[in-house]
Every structure is written in structure tokens, then in C-alpha cells.
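Asks: This is the content of final_24.cif (mmCIF, C-alpha atoms):
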data_coords
loop_
_atom_site.group_PDB
_atom_site.id
_atom_site.type_symbol
_atom_site.label_atom_id
_atom_site.label_comp_id
_atom_site.auth_asym_id
_atom_site.auth_seq_id
_atom_site.Cartn_x
_atom_site.Cartn_y
_atom_site.Cartn_z
ATOM 1 C CA VAL A 1 -11.274 -29.570 -7.953
ATOM 2 C CA GLU A 2 -13.022 -32.199 -10.089
ATOM 3 C CA LEU A 3 -11.686 -33.192 -13.508
ATOM 4 C CA ASP A 4 -14.403 -31.410 -15.510
ATOM 5 C CA ALA A 5 -13.946 -28.270 -13.421
ATOM 6 C CA LEU A 6 -10.201 -28.477 -13.947
ATOM 7 C CA GLU A 7 -10.757 -28.485 -17.712
ATOM 8 C CA THR A 8 -12.865 -25.342 -17.328
ATOM 9 C CA PHE A 9 -10.083 -23.686 -15.334
ATOM 10 C CA ALA A 10 -7.597 -24.641 -18.057
ATOM 11 C CA SER A 11 -9.612 -22.770 -20.680
ATOM 12 C CA MET A 12 -10.518 -19.847 -18.406
ATOM 13 C CA LEU A 13 -7.244 -19.004 -16.677
ATOM 14 C CA LYS A 14 -4.198 -17.389 -18.182
ATOM 15 C CA GLU A 15 -1.477 -19.972 -18.708
ATOM 16 C CA PRO A 16 0.826 -18.890 -15.833
ATOM 17 C CA CYS A 17 -2.135 -18.931 -13.427
ATOM 18 C CA TYR A 18 -3.233 -22.415 -14.471
ATOM 19 C CA LYS A 19 0.357 -23.633 -14.173
ATOM 20 C CA PHE A 20 0.545 -22.182 -10.687
ATOM 21 C CA LEU A 21 -2.731 -23.885 -9.710
ATOM 22 C CA THR A 22 -1.647 -27.328 -10.897
ATOM 23 C CA GLN A 23 1.899 -27.109 -9.545
ATOM 24 C CA SER A 24 0.643 -26.017 -6.131
ATOM 25 C CA SER A 25 -1.926 -28.814 -5.906
ATOM 26 C CA LYS A 26 -1.879 -32.580 -5.423
ATOM 27 C CA LEU A 27 -2.952 -34.796 -8.315
ATOM 28 C CA ASN A 28 -5.440 -37.468 -7.292
ATOM 29 C CA ALA A 29 -5.893 -40.897 -8.853
ATOM 30 C CA ASP A 30 -9.126 -39.865 -10.603
ATOM 31 C CA GLY A 31 -7.435 -36.928 -12.328
ATOM 32 C CA SER A 32 -8.827 -34.286 -9.987
ATOM 33 C CA ILE A 33 -6.612 -32.088 -7.864
ATOM 34 C CA SER A 34 -6.750 -31.061 -4.239
ATOM 35 C CA HIS A 35 -4.960 -28.346 -2.343
ATOM 36 C CA ALA A 36 -4.733 -26.806 1.091
ATOM 37 C CA GLY A 37 -4.940 -23.206 2.175
ATOM 38 C CA ALA A 38 -5.599 -20.406 -0.305
ATOM 39 C CA VAL A 39 -4.140 -21.836 -3.536
ATOM 40 C CA LEU A 40 -7.355 -21.289 -5.476
ATOM 41 C CA GLU A 41 -7.816 -17.780 -4.071
ATOM 42 C CA TRP A 42 -4.257 -16.824 -5.088
ATOM 43 C CA THR A 43 -4.842 -18.245 -8.567
ATOM 44 C CA LEU A 44 -8.087 -16.376 -9.192
ATOM 45 C CA LEU A 45 -6.774 -13.119 -7.754
ATOM 46 C CA TRP A 46 -3.641 -13.201 -9.884
ATOM 47 C CA ASP A 47 -5.663 -14.103 -12.962
ATOM 48 C CA VAL A 48 -7.875 -11.050 -12.464
ATOM 49 C CA TYR A 49 -4.821 -8.833 -12.017
ATOM 50 C CA LEU A 50 -3.166 -10.197 -15.150
ATOM 51 C CA LYS A 51 -6.300 -9.831 -17.263
ATOM 52 C CA TYR A 52 -7.258 -6.339 -16.191
ATOM 53 C CA LEU A 53 -4.138 -4.655 -14.777
ATOM 54 C CA GLY A 54 -1.328 -5.779 -17.054
ATOM 55 C CA ASP A 55 0.963 -8.651 -17.929
ATOM 56 C CA GLY A 56 4.670 -9.330 -18.359
ATOM 57 C CA ASP A 57 6.587 -7.513 -15.666
ATOM 58 C CA ARG A 58 3.593 -7.713 -13.332
ATOM 59 C CA TRP A 59 3.651 -11.500 -13.486
ATOM 60 C CA LEU A 60 7.390 -11.499 -12.741
ATOM 61 C CA ALA A 61 6.636 -9.444 -9.655
ATOM 62 C CA TYR A 62 4.046 -12.000 -8.531
ATOM 63 C CA GLU A 63 6.481 -14.850 -9.087
ATOM 64 C CA SER A 64 9.015 -13.006 -6.951
ATOM 65 C CA LEU A 65 6.387 -12.565 -4.269
ATOM 66 C CA LEU A 66 5.649 -16.282 -4.411
ATOM 67 C CA GLU A 67 9.343 -17.128 -4.118
ATOM 68 C CA GLY A 68 9.637 -14.905 -1.084
ATOM 69 C CA LEU A 69 6.621 -16.456 0.607
ATOM 70 C CA THR A 70 7.662 -20.026 -0.154
ATOM 71 C CA ALA A 71 11.417 -19.829 0.449
ATOM 72 C CA ARG A 72 11.957 -20.518 -3.282
ATOM 73 C CA GLY A 73 9.375 -23.270 -3.413
ATOM 74 C CA ARG A 74 10.681 -25.338 -0.514
ATOM 75 C CA ARG A 75 8.145 -24.279 2.109
ATOM 76 C CA LEU A 76 4.627 -24.076 0.711
ATOM 77 C CA ASP A 77 3.348 -24.300 4.276
ATOM 78 C CA MET A 78 4.676 -20.793 4.847
ATOM 79 C CA TRP A 79 1.865 -19.257 2.795
ATOM 80 C CA ALA A 80 -0.737 -21.935 2.090
ATOM 81 C CA ALA A 81 -2.602 -21.153 5.318
ATOM 82 C CA LEU A 82 -3.090 -17.473 4.445
ATOM 83 C CA THR A 83 -6.715 -16.381 4.478
ATOM 84 C CA GLY A 84 -8.351 -14.360 1.739
ATOM 85 C CA ASP A 85 -8.262 -11.253 3.954
ATOM 86 C CA GLN A 86 -4.528 -11.692 4.509
ATOM 87 C CA ILE A 87 -3.936 -12.086 0.789
ATOM 88 C CA MET A 88 -5.868 -8.904 0.087
ATOM 89 C CA GLU A 89 -3.827 -7.062 2.722
ATOM 90 C CA VAL A 90 -0.651 -8.048 0.872
ATOM 91 C CA PHE A 91 -1.959 -6.354 -2.274
ATOM 92 C CA GLU A 92 -4.076 -3.588 -0.776
ATOM 93 C CA GLY A 93 -1.744 -2.590 2.071
ATOM 94 C CA ALA A 94 -2.316 -2.131 5.783
ATOM 95 C CA PRO A 95 -5.456 -0.461 7.116
ATOM 96 C CA LEU A 96 -4.827 3.251 7.382
ATOM 97 C CA THR A 97 -4.981 4.520 10.941
ATOM 98 C CA PRO A 98 -3.631 7.747 12.430
ATOM 99 C CA ALA A 99 -1.215 5.760 14.593
ATOM 100 C CA ASN A 100 0.240 3.991 11.545
ATOM 101 C CA ILE A 101 0.720 7.289 9.734
ATOM 102 C CA VAL A 102 2.273 9.143 12.680
ATOM 103 C CA ALA A 103 4.702 6.262 13.259
ATOM 104 C CA ASN A 104 6.101 6.898 9.758
ATOM 105 C CA LEU A 105 6.645 10.636 10.177
ATOM 106 C CA GLU A 106 9.697 12.668 11.120
ATOM 107 C CA PHE A 107 9.680 16.380 11.826
ATOM 108 C CA LYS A 108 12.342 18.919 10.871
ATOM 109 C CA PRO A 109 13.383 20.893 12.763
ATOM 110 C CA SER A 110 12.588 18.554 15.625
ATOM 111 C CA TYR A 111 13.122 21.294 18.198
ATOM 112 C CA GLY A 112 11.572 24.707 18.669
ATOM 113 C CA TYR A 113 8.329 23.703 16.953
ATOM 114 C CA ASP A 114 6.645 21.679 19.670
ATOM 115 C CA VAL A 115 3.326 23.492 19.204
ATOM 116 C CA GLN A 116 3.311 22.827 15.465
ATOM 117 C CA ILE A 117 4.436 19.203 15.824
ATOM 118 C CA ASN A 118 1.721 18.419 18.344
ATOM 119 C CA ALA A 119 -0.859 20.259 16.244
ATOM 120 C CA PHE A 120 0.129 18.308 13.137
ATOM 121 C CA LYS A 121 -0.177 14.985 14.947
ATOM 122 C CA SER A 122 -3.559 16.030 16.294
ATOM 123 C CA VAL A 123 -4.778 16.926 12.797
ATOM 124 C CA ILE A 124 -3.686 13.515 11.492
ATOM 125 C CA GLU A 125 -5.421 11.810 14.415
ATOM 126 C CA GLY A 126 -8.648 13.560 13.459
ATOM 127 C CA MET A 127 -8.593 12.414 9.831
ATOM 128 C CA SER A 128 -10.825 9.731 8.368
ATOM 129 C CA GLN A 129 -9.341 6.764 6.519
ATOM 130 C CA ASP A 130 -10.127 8.432 3.186
ATOM 131 C CA GLU A 131 -8.402 11.623 4.311
ATOM 132 C CA LEU A 132 -5.358 9.666 5.473
ATOM 133 C CA SER A 133 -5.141 8.072 2.032
ATOM 134 C CA MET A 134 -5.432 11.511 0.409
ATOM 135 C CA PHE A 135 -2.670 12.801 2.688
ATOM 136 C CA LEU A 136 -0.342 9.938 1.759
ATOM 137 C CA ARG A 137 -1.053 10.403 -1.939
ATOM 138 C CA PHE A 138 -0.438 14.147 -1.598
ATOM 139 C CA ALA A 139 2.857 13.590 0.223
ATOM 140 C CA THR A 140 4.292 10.496 -1.495
ATOM 141 C CA GLY A 141 2.196 9.798 -4.574
ATOM 142 C CA ILE A 142 1.040 6.535 -2.977
ATOM 143 C CA GLY A 143 -2.246 6.355 -1.110
ATOM 144 C CA LYS A 144 -1.502 3.218 0.928
ATOM 145 C CA LEU A 145 0.923 1.746 3.447
ATOM 146 C CA PRO A 146 2.596 -1.628 2.867
ATOM 147 C CA ALA A 147 1.146 -4.581 4.757
ATOM 148 C CA ASN A 148 3.957 -4.334 7.334
ATOM 149 C CA ARG A 149 2.757 -0.770 8.149
ATOM 150 C CA ARG A 150 6.151 0.773 7.355
ATOM 151 C CA PHE A 151 7.594 2.487 4.320
ATOM 152 C CA PRO A 152 10.284 0.560 2.407
ATOM 153 C CA ALA A 153 13.743 0.437 4.017
ATOM 154 C CA GLY A 154 12.450 2.277 7.060
ATOM 155 C CA GLN A 155 12.109 5.522 5.128
ATOM 156 C CA LYS A 156 10.193 8.291 6.876
ATOM 157 C CA LEU A 157 7.893 10.969 5.518
ATOM 158 C CA THR A 158 9.471 14.298 6.456
ATOM 159 C CA ILE A 159 7.281 17.126 7.721
ATOM 160 C CA ARG A 160 9.332 20.289 7.392
ATOM 161 C CA PHE A 161 8.361 23.602 8.970
ATOM 162 C CA MET A 162 9.529 26.482 6.771
ATOM 163 C CA PRO A 163 9.443 30.219 7.538
ATOM 164 C CA ASP A 164 6.744 31.396 5.160
ATOM 165 C CA ASP A 165 3.524 33.331 4.785
ATOM 166 C CA LEU A 166 0.996 31.753 7.158
ATOM 167 C CA ASN A 167 -1.656 32.085 4.456
ATOM 168 C CA ARG A 168 0.132 29.641 2.173
ATOM 169 C CA LEU A 169 -0.955 26.046 1.884
ATOM 170 C CA PRO A 170 1.384 23.112 2.580
ATOM 171 C CA SER A 171 3.329 21.862 -0.439
ATOM 172 C CA ALA A 172 4.631 18.373 -1.155
ATOM 173 C CA HIS A 173 7.779 17.050 -2.834
ATOM 174 C CA THR A 174 6.744 13.506 -3.702
ATOM 175 C CA CYS A 175 10.162 12.579 -5.100
ATOM 176 C CA PHE A 176 11.714 13.250 -1.699
ATOM 177 C CA TRP A 177 8.730 12.337 0.518
ATOM 178 C CA THR A 178 8.729 15.783 2.097
ATOM 179 C CA VAL A 179 5.895 18.103 3.040
ATOM 180 C CA ASP A 180 6.740 21.767 3.592
ATOM 181 C CA LEU A 181 4.358 23.930 5.555
ATOM 182 C CA PRO A 182 4.445 27.282 7.324
ATOM 183 C CA PRO A 183 4.565 27.176 11.125
ATOM 184 C CA TYR A 184 0.831 27.714 11.571
ATOM 185 C CA GLU A 185 0.112 29.160 14.976
ATOM 186 C CA ASP A 186 -2.806 26.937 15.945
ATOM 187 C CA GLU A 187 -4.317 23.545 15.194
ATOM 188 C CA SER A 188 -7.419 25.008 13.555
ATOM 189 C CA SER A 189 -5.403 26.851 10.904
ATOM 190 C CA MET A 190 -3.188 23.821 10.291
ATOM 191 C CA SER A 191 -6.198 21.540 9.897
ATOM 192 C CA GLU A 192 -7.901 23.882 7.443
ATOM 193 C CA LYS A 193 -4.801 24.463 5.311
ATOM 194 C CA LEU A 194 -3.684 20.832 5.241
ATOM 195 C CA ARG A 195 -7.136 19.586 4.268
ATOM 196 C CA GLN A 196 -7.314 22.182 1.489
ATOM 197 C CA ALA A 197 -3.927 21.067 0.176
ATOM 198 C CA ILE A 198 -4.632 17.329 0.124
ATOM 199 C CA ALA A 199 -8.009 17.882 -1.559
ATOM 200 C CA ALA A 200 -6.530 19.989 -4.373
ATOM 201 C CA PRO A 201 -5.916 18.352 -7.780
ATOM 202 C CA GLN A 202 -2.357 17.059 -8.069
ATOM 203 C CA PRO A 203 0.100 18.334 -9.072
ATOM 204 C CA PHE A 204 -0.763 21.834 -7.966
ATOM 205 C CA ALA A 205 0.719 25.206 -7.211
ATOM 206 C CA LEU A 206 -1.253 27.219 -4.737
ATOM 207 C CA SER A 207 -0.499 30.353 -2.810
#
Represent the structure from my file as C-alpha cells, please.

Replies:
Amino acid sequence: VELDALETFASMLKEPCYKFLTQSSKLNADGSISHAGAVLEWTLLWDVYLKYLGDGDRWLAYESLLEGLTARGRRLDMWAALTGDQIMEVFEGAPLTPANIVANLEFKPSYGYDVQINAFKSVIEGMSQDELSMFLRFATGIGKLPANRRFPAGQKLTIRFMPDDLNRLPSAHTCFWTVDLPPYEDESSMSEKLRQAIAAPQPFALS
């Protein structure tokens, strides 16, 4: 980054972002700076987040993320080679696929409901990426998976089959990451009811 461009960055960026840019770069004899990897991409991305999505605690979270990726500043090479796509995955989460969703599910009871369990998995496997995001938001309040494709601390989303009227829609308990649904007798009914539930405005109460 040339000296005149650096002055522009100084006036354009929020102070923590500019500090991060200069501290993560090498100062050259002519006053310009150079850096390897995605330092500039990180800087610009964080600046956008700070300007448009909040300040304060959010910046502390980013600093913690930086510490984790750099072993408290001692190993910049641990993250400097990250590509822009990899950086976005950190913030945006893993791509949603049926396999990633199913891997994070647990079924209760896990016995005696083989037909329903297999039908539920089949319905998930037939969902688009947008529908998978709607399902996650319906069930957990969060429409994405972390970049490591697992919920925090290995937590699972519980699918619980409850004796109930087969005309009722599934219901979600987002505080407990649990979805309750009647033991629908076939995949077609389960698909129809689940898609109706995830498309309904949240929170909802439907019968």
C-alpha cells in the first residue's frame, strides 16, 4: 500500500481497523506498507461490519477471533494465508447441505419410530439450501451452521416424536433446540407439514 493510499485508509477506516492494518503489515523504507495473505481483506470486512452492524462488543469479539487465529499474536502465518472465500465462511458459516444438517440431528425416541426417522431424513435430503436455512431458523433461531459444520460444544438438534393429532404441524422450542412433531405415517405428510411449519411467521402457534 503506497503512502498516499495509506493516508486515505487512515481517514476512511475506523481507528481499530486502521490499527489492525498497520500492526499486521511491514513498514517499508519509503513509508509504504506491505503485507502477505488477506490482511487487507480482513481490514475492509471488519470495517464494514463495524460501520453498519455495530461497534463495541462486536469489535471485542473480532479481537478474540484474531487472538484465536494467531495464537495471541505469535503466529500470524496461521491465518495470513486465508483466502477471501475462507474468511467469508468464518462469518457466514458452512454451506448448508442435507448431510451437514442430518449429522447434527438426534431423534427421540430412537427406537420404535424407524419409519418416521427415515422419512424425516428423506424430507431434509429433499430440501433446497434456502429451505434448510428456514428449517434451522425455525428449530434453533439461527439460520446457519458454524464453519466447522457442527453446533457449539457438539450440541445436537433434537427431533422428538410426540403422540399427537396427525393434523397438527411440527412445533419448535428454540431455547432447547427441540422440534416436536406427531408421528406422521408417511413421508408425504411429513414433508407437507414440516414445510408449512418452517414457512410460517415466527413465533407461531398453529393447530

Asks: Kindly indicate which residue among A:Thr178, A:Leu194, A:Asn28, A:Ser189 lies nearest to Gly141 of chain A, using only C-alpha atoms for the distances.

Replies: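 Using only C-alpha atoms, Gly141 of chain A sits closest to A:Thr178.
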
Asks: By how many Å are atom CA of Ala5 of chain A and atom CA of Thr22 of chain A apart?

Replies: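 Atom CA of Ala5 of chain A sits 12.6 Å away from atom CA of Thr22 of chain A.
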
Asks: Closest to Gln116 of chain A among A:Met162, A:Ala139, A:Leu96, A:Val39, using only C-alpha atoms?

Replies: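 For Gln116 of chain A, the nearest of the given residues is A:Met162.
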
Asks: List the neighbours of Ala119 of chain A out to 10 Å using all atoms listed in the file; skip same-chain residues closer than 3 positions along the sequence, and give me the result as a list in words.

Replies: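 Listing them by chain and then by number gives Tyr113, Asp114, Val115, Gln116, Ser122, Val123, Ile124, Glu125, Tyr184, Glu185, Asp186, Glu187, Ser188, Ser189, Met190 and Ser191 of chain A.
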
Asks: I'd like to know which of A:Ile142, A:Asp164, A:Thr97, A:Asn104 is closest to Ser128 of chain A, using only C-alpha atoms.

Replies: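 Using only C-alpha atoms, Ser128 of chain A sits closest to A:Thr97.
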
Asks: Measuring between all atoms listed in the file, which one of A:Leu145, A:Leu44, A:Gln196, A:Thr8 shows the shortest distance to Leu21 of chain A?

Replies: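 Of A:Leu145, A:Leu44, A:Gln196, A:Thr8, the one nearest Leu21 of chain A, counting all atoms listed in the file, is A:Leu44.
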
Asks: In Å, with one decimal, what is the gap from atom CA of Asp30 of chain A to atom CA of Phe9 of chain A?

Replies: 16.9 Å

Asks: Kindly indicate which residue among A:Met134, A:Ala29, A:Ala200, A:Ile159 lies nearest to Phe107 of chain A, using all atoms listed in the file for the distances.

Replies: A:Ile159

Asks: Could you check which of A:Asp47, A:Asp165, A:Glu106, A:Glu92 is closest to Lys144 of chain A, using only C-alpha atoms?

Replies: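 Ranking A:Asp47, A:Asp165, A:Glu106, A:Glu92 by distance to Lys144 of chain A, first place goes to A:Glu92.
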
Asks: Show me, as a PyMOL selection string, the residues that have an atom within 7 Å of Arg160 of chain A when counting only C-alpha atoms, minus same-chain residues fewer than 3 positions from it.

Replies: chain A and resi 107-109+178-181

Asks: Work out how far apart atom CA of Glu192 of chain A and atom CA of Gly126 of chain A are and give it in Å to one decimal.

Replies: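 Calculated distance between atom CA of Glu192 of chain A and atom CA of Gly126 of chain A is 12.0 Å.
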
Asks: Translate the PyMOL selection byres ((chain A and resi 135) around 10) into a concrete residue list for this structure, as a CSV table (one decimal) with C-alpha atoms, in the frame of the given file.

Replies:
chain,number,residue,atom,x,y,z
A,101,ILE,CA,0.7,7.3,9.7
A,124,ILE,CA,-3.7,13.5,11.5
A,127,MET,CA,-8.6,12.4,9.8
A,129,GLN,CA,-9.3,6.8,6.5
A,130,ASP,CA,-10.1,8.4,3.2
A,131,GLU,CA,-8.4,11.6,4.3
A,132,LEU,CA,-5.4,9.7,5.5
A,133,SER,CA,-5.1,8.1,2.0
A,134,MET,CA,-5.4,11.5,0.4
A,136,LEU,CA,-0.3,9.9,1.8
A,137,ARG,CA,-1.1,10.4,-1.9
A,138,PHE,CA,-0.4,14.1,-1.6
A,139,ALA,CA,2.9,13.6,0.2
A,140,THR,CA,4.3,10.5,-1.5
A,141,GLY,CA,2.2,9.8,-4.6
A,142,ILE,CA,1.0,6.5,-3.0
A,143,GLY,CA,-2.2,6.4,-1.1
A,144,LYS,CA,-1.5,3.2,0.9
A,172,ALA,CA,4.6,18.4,-1.2
A,194,LEU,CA,-3.7,20.8,5.2
A,195,ARG,CA,-7.1,19.6,4.3
A,197,ALA,CA,-3.9,21.1,0.2
A,198,ILE,CA,-4.6,17.3,0.1
A,199,ALA,CA,-8.0,17.9,-1.6

Asks: Please evaluate the PyMOL selection byres ((chain A and resi 146) around 10) against the displayed coordinates and give the resulting residues as a PyMOL selection string.

Replies: chain A and resi 89-96+144-145+147-152
